[in-house]
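Structure first, then comments.
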Amino acid sequence: MSRNDSAQSNRHVNRRKFIAGAGAAGTIALAGCSGSGGNGGNGDGGDGNGGDGGTMGGDGTTTINIITWEEYAEMQENIESTLDGVELNITPSTSSTEMFSQWSAGQDAQYDIAVPNNNLVPRFMDAGLVAPVNNDMVNNFGSMYDRFQSFVDNQFTEDGDAYGVPIRFGWYGYSYDSRSVPDHEPSYDILFEEDYVDASLDGEIIMYDEAAKSVPAAALYLGMDDAMSGARMTFTEDQLTEIQELLIEQKPRLQGYIAPDPTFIQEFRQGNFLVGHSGRNETVQMRSEGDDWVEFVAPSEGALAWYETAVVSAASENQETAWEVINEFITPQNGAALAEAGFSPSTNPNVADELTEEQNELYGRIDPSRLEGMYSIKDIASDVEEAYISTWEEVKAA
Amino acid sequence: MATDEPDESVRARVVRLLSGPRSRLGVTAGPSAAWILTLLVAPLAFMIAVSFFEVSSLTYQIIYEPTLNNYRSLFDGGGLIWQTPFVTALWLSYVIATVTTVLCLALAFPLAYLLARKGGQLFKIVIFFVLLPFFTMYLVRAYSWVLMFGPGGVINSTLMSWGLIDAPLGIFNYGIPAIIVGLAHAYFPYMLLTLYASLDGLDFSIIEAARDLGASRVEVLRDHVVPLTLPGIIGGSLFVFVPSVGAFITPTFLGQGKVQMIGMLIESRVAGSYSIGHASAASMFVLVSIVGAMILAFRYLSIEDLGGA
């Protein structure tokens, strides 16, 4: 081997070493980054990489890993003291889509329970991520309002097995400033028709900044009830065109579109609008904080109801315990704590026994007849999803 | 017999290893290169890759079969291409970013000129007040404008309470003017500091000479000041224009949902239907157009020019 060859060979070795070293350093750095991303994994079963869902600790404690909305932490202490040997590890989330995408990407083994909105549950089922309800463990199921039991039958029951348990709910209608807007027959007409009430509402209306809320509202106004009757919401092309035209025609009358509750509340108080397409929670919160000029009504055409639904991962090793925990979510005591924290009623009407008269007025017992006229919010059918999204984008771009 | 030789040998090897040019490069540039690779290049590469794949609407998982559907769907909508939501949003974003840039330039140039001429205590005071909002979060700064604008906002309420107007003025409502004000407020310091760095290096005796030779103020500005500070103007404009095109928080707060810029369209695709392929394809258009603008800009200036004339 010549001297040059030798030098070249050394250079090659050095380069390889350098690349190997850099690779190793990069791997260590990445491992460091990913190591902090895990959730759960409490107890001896935790493997340092996030752990498996539902792990058994050395002292016999079972940890149930839950991804859900932050208010659910209000029930943690009580559930842990009620269920011997059960610890809850709650990861707060702000989006049902996020819950689904995480589970769908493989994190279903890291969690035992998720509590998405009802419209996402069929997706969990279609992806084979969730286990059927264990009726022996969820004995509070029968205490729920009949309406929610029928929603379960309609939306996520397959071969006689239900796949989720509704926990708390709310509905969308509209709220108005009663100091400026006179009493009227509750109807979506107020959002879409001029002169429906004896008040000037041009530039004084807010719509919900989300296709899943505003498109169904327009559909109900147009009498397209059928579109909401199946397991998923579906529209024909002509119906979507009609909805699009209606929403575009409405746009000049709007102050704007708002999605987050705090923004809605702050701007309502600031006097930026008089009528707002909104959830009931925002109004309840405002009234509980002294804004008694706010009125919330469910339109006669039908209100859109949402309900958070607890599901158990098919990959969970502690499904029985997970269903026990879910059963606790809808006990009167825990349901009351959750209702108080989030201004939303529980699906178990017996929760009312744990609340004061004033609380019952706001988020306690709901007259079952009020639930009869509600349509549950549903996912859009996949064959029209693109057209549906496009409809909303056209409205926003107009 | 055991000696210290092995230790010395290890130490010597370590020193030798670290003394090599590659090792020095690895130790100095390595961490930042790893940082950029991990947090910038890798996500960007992922985004580019995802833009060529579809995502299952059923499972939200990527289907690894190359397709141009994401790009095609950007221009779907039944009407003319320039009337599609994507093109409308992209065009609106460029218009808003351009107006914001021009506004920042118009406001910052005289101030930067004054600071460069006077300097001293004035410079410190002005810079302090310009940078003061930076001590708060961007989100808070954007939100403060929400309180200022709107029919019941501070501006309209104040004017009405002073009896200057009877009803809220539309110009102070949420919408495009409010977004431009919010963006200009957010990015003004970048323009000011870049222009100041450029003007500070200017030889003002040239201006005096031109004036002595009879040039008007406008001629001096047009023929001397602007050409000599062009790198600063282009650099500052880039610092304002680029983030303005992709702005999300400010238009979300101040557009009240009635104005749809490209960043909002992309976000709604991800948050609403998890269409990350479609969103990635839309992002590619923004990315390519911004890279194009930068290539164009760097035909007239180098990185060093951004620090001064």
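The way I read the labels, and the way they are meant: chains A, B, ... in the order of the structure tokens, residue 1 as the first residue of every chain, and ligand 1 as the first ligand shown, with later ones counted on from there.
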Inset, instruction - Residues of chain A near chain B: apply a cut-off of 6 Å, count only C-alpha atoms, and supply the list as an MDAnalysis selection string. - result: chainID A and resid 127 256:257 270:272 393:394 397
List every residue of segment 81-301 of chain B that DSSP, applied to the backbone, labels as helix (DSSP H, G or I), and write the result as a short mmCIF file (atom, residue, chain, number, x, y, z; two decimals) with C-alpha atoms, in the first residue's frame.
data_model
loop_
_atom_site.label_atom_id
_atom_site.label_comp_id
_atom_site.auth_asym_id
_atom_site.auth_seq_id
_atom_site.Cartn_x
_atom_site.Cartn_y
_atom_site.Cartn_z
CA ILE B 81 -58.67 29.05 -10.20
CA TRP B 82 -58.16 32.53 -8.77
CA GLN B 83 -61.53 32.31 -7.05
CA PRO B 85 -60.33 29.63 -1.30
CA PHE B 86 -56.63 28.73 -1.46
CA VAL B 87 -55.67 31.26 -4.12
CA THR B 88 -57.90 33.91 -2.54
CA ALA B 89 -56.28 33.37 0.85
CA LEU B 90 -52.77 33.32 -0.61
CA TRP B 91 -53.35 36.50 -2.59
CA LEU B 92 -54.90 38.24 0.40
CA SER B 93 -51.92 37.23 2.52
CA TYR B 94 -49.50 38.78 0.04
CA VAL B 95 -51.53 41.98 -0.13
CA ILE B 96 -51.74 42.30 3.67
CA ALA B 97 -48.04 41.48 4.07
CA THR B 98 -47.08 44.01 1.40
CA VAL B 99 -49.16 46.80 2.94
CA THR B 100 -47.77 45.95 6.38
CA THR B 101 -44.22 46.09 5.04
CA VAL B 102 -44.77 49.43 3.32
CA LEU B 103 -46.40 50.84 6.45
CA CYS B 104 -43.52 49.69 8.65
CA LEU B 105 -41.02 51.13 6.20
CA ALA B 106 -42.82 54.47 6.02
CA LEU B 107 -42.99 54.72 9.80
CA ALA B 108 -39.55 53.36 10.60
CA PHE B 109 -37.44 55.15 8.00
CA PRO B 110 -37.81 58.72 9.32
CA LEU B 111 -37.32 57.52 12.88
CA ALA B 112 -34.23 55.45 11.98
CA TYR B 113 -32.82 58.44 10.07
CA LEU B 114 -33.37 60.70 13.06
CA LEU B 115 -31.75 58.21 15.40
CA ALA B 116 -28.76 57.78 13.11
CA ARG B 117 -28.28 61.56 12.89
CA LYS B 118 -28.84 62.39 16.55
CA GLY B 120 -26.82 59.37 21.99
CA GLN B 121 -29.48 59.54 24.68
CA LEU B 122 -32.36 59.85 22.21
CA PHE B 123 -31.38 56.55 20.62
CA LYS B 124 -31.42 54.76 23.97
CA ILE B 125 -34.80 56.19 24.95
CA VAL B 126 -36.48 55.42 21.62
CA ILE B 127 -35.03 51.92 21.42
CA PHE B 128 -36.21 51.25 24.96
CA PHE B 129 -39.77 52.21 24.09
CA VAL B 130 -39.68 50.35 20.77
CA LEU B 131 -38.46 47.18 22.45
CA LEU B 132 -40.67 47.53 25.52
CA PRO B 133 -43.58 45.51 24.05
CA PHE B 134 -41.11 42.69 23.33
CA PHE B 135 -40.92 42.06 27.06
CA TYR B 138 -46.60 38.00 21.22
CA LEU B 139 -49.99 36.53 22.09
CA VAL B 140 -50.63 39.18 24.72
CA ARG B 141 -49.59 41.95 22.35
CA ALA B 142 -51.93 40.67 19.66
CA TYR B 143 -54.74 40.28 22.16
CA SER B 144 -54.34 43.85 23.40
CA TRP B 145 -55.46 45.02 19.95
CA VAL B 146 -58.63 42.95 20.31
CA LEU B 147 -59.60 45.22 23.18
CA MET B 148 -58.74 48.34 21.18
CA VAL B 154 -61.52 51.18 23.46
CA ILE B 155 -61.06 53.34 20.36
CA ASN B 156 -64.74 53.53 19.39
CA SER B 157 -65.89 53.84 23.01
CA THR B 158 -63.47 56.68 23.69
CA LEU B 159 -64.46 58.59 20.57
CA MET B 160 -68.14 58.15 21.45
CA SER B 161 -67.66 59.18 25.06
CA GLY B 170 -66.31 50.80 10.74
CA ILE B 171 -62.62 51.58 10.25
CA PHE B 172 -62.03 50.62 13.90
CA ILE B 176 -58.14 43.85 7.34
CA PRO B 177 -57.18 47.33 8.70
CA ALA B 178 -57.03 45.92 12.24
CA ILE B 179 -54.87 43.02 11.06
CA ILE B 180 -52.45 45.40 9.32
CA VAL B 181 -52.17 47.52 12.46
CA GLY B 182 -51.56 44.43 14.59
CA LEU B 183 -48.91 43.06 12.25
CA ALA B 184 -47.21 46.44 11.85
CA HIS B 185 -47.04 46.77 15.63
CA ALA B 186 -45.57 43.29 15.94
CA TYR B 187 -42.87 43.63 13.28
CA PHE B 188 -42.05 47.34 13.37
CA PRO B 189 -38.96 46.89 15.59
CA TYR B 190 -37.36 44.50 13.09
CA MET B 191 -37.69 47.11 10.38
CA LEU B 192 -36.48 49.94 12.61
CA LEU B 193 -33.41 48.14 13.90
CA THR B 194 -32.40 46.91 10.43
CA LEU B 195 -32.81 50.38 8.95
CA TYR B 196 -30.94 51.98 11.84
CA ALA B 197 -28.03 49.56 11.38
CA SER B 198 -27.93 50.54 7.73
CA LEU B 199 -28.29 54.30 8.23
CA ASP B 200 -25.80 54.35 11.08
CA PHE B 204 -23.62 61.97 6.20
CA SER B 205 -20.95 64.26 4.76
CA ILE B 206 -22.06 62.96 1.34
CA ILE B 207 -25.52 64.34 2.02
CA GLU B 208 -24.13 67.66 3.14
CA ALA B 209 -21.98 67.78 0.00
CA ALA B 210 -24.98 67.04 -2.20
CA ARG B 211 -27.01 69.72 -0.47
CA ASP B 212 -24.12 72.20 -0.85
CA ARG B 217 -33.98 67.14 0.02
CA VAL B 218 -36.05 64.82 -2.19
CA GLU B 219 -33.15 64.43 -4.64
CA VAL B 220 -30.75 63.65 -1.79
CA LEU B 221 -33.12 61.05 -0.44
CA ARG B 222 -33.78 59.52 -3.86
CA ASP B 223 -30.24 59.64 -5.29
CA HIS B 224 -28.09 59.07 -2.21
CA VAL B 225 -29.81 57.94 0.97
CA VAL B 226 -32.09 55.29 -0.50
CA PRO B 227 -29.47 53.69 -2.79
CA LEU B 228 -26.89 53.61 0.01
CA LEU B 230 -31.01 49.76 0.04
CA PRO B 231 -29.60 46.64 1.72
CA GLY B 232 -31.18 47.75 5.01
CA ILE B 233 -34.49 48.51 3.33
CA ILE B 234 -34.57 45.12 1.62
CA GLY B 235 -33.43 43.32 4.76
CA GLY B 236 -35.98 45.06 6.97
CA SER B 237 -38.71 44.43 4.41
CA LEU B 238 -37.88 40.72 4.41
CA PHE B 239 -38.04 40.60 8.20
CA VAL B 240 -41.54 42.09 8.07
CA PHE B 241 -42.93 40.55 4.88
CA VAL B 242 -41.97 36.92 5.49
CA PRO B 243 -43.62 36.45 8.90
CA SER B 244 -46.59 38.58 7.83
CA VAL B 245 -47.43 36.27 4.91
CA ILE B 249 -52.37 34.63 15.60
CA THR B 250 -52.87 38.29 14.66
CA PRO B 251 -55.35 37.67 11.81
CA THR B 252 -57.19 35.10 13.93
CA PHE B 253 -57.68 37.64 16.70
CA LEU B 254 -58.22 40.76 14.65
CA ILE B 262 -53.23 31.45 4.25
CA GLY B 263 -52.00 30.51 7.74
CA MET B 264 -55.59 30.27 8.96
CA LEU B 265 -56.65 28.19 5.99
CA ILE B 266 -53.81 25.74 6.67
CA GLU B 267 -54.64 25.57 10.38
CA SER B 268 -58.33 24.96 9.74
CA ARG B 269 -57.47 22.04 7.44
CA VAL B 270 -55.39 20.43 10.17
CA ALA B 271 -57.63 21.22 13.14
CA GLY B 272 -60.91 20.56 11.34
CA SER B 273 -60.23 17.42 9.36
CA ILE B 276 -52.10 17.29 6.89
CA GLY B 277 -51.33 16.36 3.28
CA HIS B 278 -53.48 19.19 1.95
CA ALA B 279 -52.10 21.59 4.58
CA SER B 280 -48.52 20.59 3.71
CA ALA B 281 -49.14 21.20 0.02
CA ALA B 282 -50.57 24.66 0.82
CA SER B 283 -47.55 25.36 3.03
CA MET B 284 -45.24 24.44 0.16
CA PHE B 285 -46.66 27.29 -1.91
CA VAL B 286 -45.96 29.72 0.90
CA LEU B 287 -42.49 28.29 1.41
CA VAL B 288 -41.54 28.36 -2.26
CA SER B 289 -42.82 31.89 -2.75
CA ILE B 290 -40.92 33.15 0.28
CA VAL B 291 -37.74 31.41 -0.79
CA GLY B 292 -38.25 33.01 -4.20
CA ALA B 293 -38.60 36.44 -2.59
CA MET B 294 -35.43 35.88 -0.60
CA ILE B 295 -33.46 34.74 -3.65
CA LEU B 296 -34.63 37.87 -5.42
CA ALA B 297 -33.68 40.02 -2.44
#
Legend entry - Of the listed residues B:Leu68, B:Leu80, B:Leu39, B:Ile165, that which approaches Phe52 of chain B most closely, counting only C-alpha atoms: B:Leu68
Inset, instruction - Name the residues in contact with segment 372-377 of chain A at a cut-off of 12 Å, using only C-alpha atoms, excluding same-chain residues fewer than 5 positions from it; report them as a VMD selection string. - result: chain A and resid 117 to 121 145 to 148 150 to 152 154 to 155 166 169 to 173 211 to 217 219 to 220 224 to 234 298 to 308 366 to 367
Inset, instruction - Report the distance between atom CA of Gly164 of chain A and atom CA of Pro132 of chain A in Å, rounded to one decimal place. - result: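 Between atom CA of Gly164 of chain A and atom CA of Pro132 of chain A the gap works out to 7.3 Å.
If you count only C-alpha atoms and ignore residues fewer than 2 places along the chain from Val311 of chain A, what sits within 9 Å of it is Asp112, Ile113, Ala114, Val115, Pro116, Val121, Phe124, Val130, Ala131, Pro132, Val133, Tyr163, Gly164, Val165, Thr309, Ser313, Trp323 and Ile326 of chain A.
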Residues from last step as file, all heavy atoms, as a tab-separated table (two decimals), in the first residue's frame:
chain	number	residue	atom	x	y	z
A	112	ASP	N	-55.64	4.01	28.72
A	112	ASP	CA	-56.75	3.08	28.92
A	112	ASP	C	-58.06	3.72	28.50
A	112	ASP	O	-58.96	3.05	28.01
A	112	ASP	CB	-56.84	2.70	30.40
A	112	ASP	CG	-55.56	2.06	30.89
A	112	ASP	OD1	-55.32	0.90	30.56
A	112	ASP	OD2	-54.77	2.76	31.57
A	113	ILE	N	-58.17	5.02	28.77
A	113	ILE	CA	-59.44	5.72	28.53
A	113	ILE	C	-59.20	7.00	27.76
A	113	ILE	O	-58.22	7.71	28.00
A	113	ILE	CB	-60.12	6.07	29.89
A	113	ILE	CG1	-60.43	4.81	30.68
A	113	ILE	CG2	-61.37	6.91	29.69
A	113	ILE	CD1	-60.92	5.09	32.11
A	114	ALA	N	-60.10	7.29	26.83
A	114	ALA	CA	-60.15	8.61	26.20
A	114	ALA	C	-61.59	9.09	26.31
A	114	ALA	O	-62.52	8.28	26.41
A	114	ALA	CB	-59.73	8.54	24.74
A	115	VAL	N	-61.77	10.41	26.30
A	115	VAL	CA	-63.14	10.94	26.40
A	115	VAL	C	-63.36	11.96	25.27
A	115	VAL	O	-63.42	13.17	25.51
A	115	VAL	CB	-63.40	11.58	27.79
A	115	VAL	CG1	-64.90	11.85	27.97
A	115	VAL	CG2	-62.90	10.70	28.91
A	116	PRO	N	-63.45	11.47	24.04
A	116	PRO	CA	-63.68	12.40	22.92
A	116	PRO	C	-65.14	12.85	22.86
A	116	PRO	O	-65.99	12.28	23.55
A	116	PRO	CB	-63.33	11.56	21.70
A	116	PRO	CG	-63.69	10.17	22.12
A	116	PRO	CD	-63.40	10.08	23.60
A	121	VAL	N	-66.42	9.18	18.10
A	121	VAL	CA	-66.43	7.78	18.56
A	121	VAL	C	-66.53	6.79	17.39
A	121	VAL	O	-65.80	5.79	17.37
A	121	VAL	CB	-67.54	7.56	19.61
A	121	VAL	CG1	-67.64	6.08	19.99
A	121	VAL	CG2	-67.27	8.40	20.84
A	124	PHE	N	-63.13	6.06	16.15
A	124	PHE	CA	-62.39	5.14	17.02
A	124	PHE	C	-62.84	3.70	16.74
A	124	PHE	O	-62.02	2.78	16.71
A	124	PHE	CB	-62.67	5.47	18.50
A	124	PHE	CG	-61.85	6.61	19.06
A	124	PHE	CD1	-62.24	7.92	18.89
A	124	PHE	CD2	-60.71	6.37	19.79
A	124	PHE	CE1	-61.52	8.98	19.42
A	124	PHE	CE2	-59.97	7.42	20.34
A	124	PHE	CZ	-60.38	8.73	20.15
A	130	VAL	N	-61.21	0.71	20.02
A	130	VAL	CA	-61.93	0.71	21.30
A	130	VAL	C	-62.62	-0.62	21.58
A	130	VAL	O	-62.97	-1.37	20.66
A	130	VAL	CB	-62.97	1.86	21.35
A	130	VAL	CG1	-62.27	3.20	21.45
A	130	VAL	CG2	-63.89	1.84	20.13
A	131	ALA	N	-62.81	-0.88	22.86
A	131	ALA	CA	-63.44	-2.12	23.31
A	131	ALA	C	-64.91	-1.88	23.63
A	131	ALA	O	-65.28	-0.75	23.99
A	131	ALA	CB	-62.72	-2.62	24.56
A	132	PRO	N	-65.75	-2.92	23.49
A	132	PRO	CA	-67.17	-2.72	23.82
A	132	PRO	C	-67.37	-2.48	25.32
A	132	PRO	O	-66.54	-2.90	26.14
A	132	PRO	CB	-67.82	-4.04	23.39
A	132	PRO	CG	-66.72	-5.02	23.25
A	132	PRO	CD	-65.47	-4.27	22.98
A	133	VAL	N	-68.45	-1.80	25.62
A	133	VAL	CA	-68.74	-1.47	27.03
A	133	VAL	C	-68.97	-2.76	27.83
A	133	VAL	O	-69.68	-3.66	27.38
A	133	VAL	CB	-70.01	-0.58	27.12
A	133	VAL	CG1	-70.38	-0.32	28.58
A	133	VAL	CG2	-69.79	0.74	26.40
A	163	TYR	N	-70.13	1.08	22.39
A	163	TYR	CA	-68.68	1.28	22.48
A	163	TYR	C	-68.29	2.53	23.25
A	163	TYR	O	-67.12	2.93	23.24
A	163	TYR	CB	-68.07	1.31	21.07
A	163	TYR	CG	-67.89	-0.07	20.50
A	163	TYR	CD1	-68.96	-0.76	19.93
A	163	TYR	CD2	-66.67	-0.71	20.56
A	163	TYR	CE1	-68.81	-2.04	19.41
A	163	TYR	CE2	-66.50	-2.00	20.05
A	163	TYR	CZ	-67.58	-2.66	19.48
A	163	TYR	OH	-67.41	-3.93	19.00
A	164	GLY	N	-69.24	3.17	23.89
A	164	GLY	CA	-68.88	4.35	24.65
A	164	GLY	C	-69.97	4.71	25.65
A	164	GLY	O	-71.12	4.27	25.52
A	165	VAL	N	-69.57	5.48	26.65
A	165	VAL	CA	-70.51	5.89	27.70
A	165	VAL	C	-70.55	7.42	27.75
A	165	VAL	O	-69.53	8.05	28.07
A	165	VAL	CB	-70.08	5.33	29.08
A	165	VAL	CG1	-71.00	5.84	30.17
A	165	VAL	CG2	-70.06	3.81	29.05
A	309	THR	N	-67.91	11.36	25.42
A	309	THR	CA	-68.16	9.93	25.54
A	309	THR	C	-66.88	9.19	25.92
A	309	THR	O	-65.88	9.30	25.21
A	309	THR	CB	-68.68	9.38	24.20
A	309	THR	OG1	-69.84	10.13	23.83
A	309	THR	CG2	-69.03	7.92	24.29
A	313	SER	N	-59.61	1.70	25.57
A	313	SER	CA	-58.74	1.21	24.51
A	313	SER	C	-58.82	-0.31	24.40
A	313	SER	O	-58.77	-1.02	25.41
A	313	SER	CB	-57.30	1.63	24.81
A	313	SER	OG	-56.42	0.95	23.95
A	323	TRP	N	-63.40	0.46	32.94
A	323	TRP	CA	-64.86	0.64	32.92
A	323	TRP	C	-65.38	1.00	34.30
A	323	TRP	O	-66.35	1.77	34.43
A	323	TRP	CB	-65.56	-0.63	32.40
A	323	TRP	CG	-65.38	-0.82	30.91
A	323	TRP	CD1	-64.77	-1.85	30.28
A	323	TRP	CD2	-65.82	0.07	29.88
A	323	TRP	NE1	-64.79	-1.66	28.92
A	323	TRP	CE2	-65.43	-0.51	28.64
A	323	TRP	CE3	-66.48	1.30	29.87
A	323	TRP	CZ2	-65.69	0.11	27.41
A	323	TRP	CZ3	-66.75	1.91	28.65
A	323	TRP	CH2	-66.36	1.32	27.45
A	326	ILE	N	-64.87	4.63	34.56
A	326	ILE	CA	-65.87	5.34	33.75
A	326	ILE	C	-67.23	5.34	34.46
A	326	ILE	O	-67.96	6.33	34.44
A	326	ILE	CB	-65.96	4.71	32.34
A	326	ILE	CG1	-64.69	5.06	31.55
A	326	ILE	CG2	-67.20	5.17	31.59
A	326	ILE	CD1	-64.54	4.34	30.24
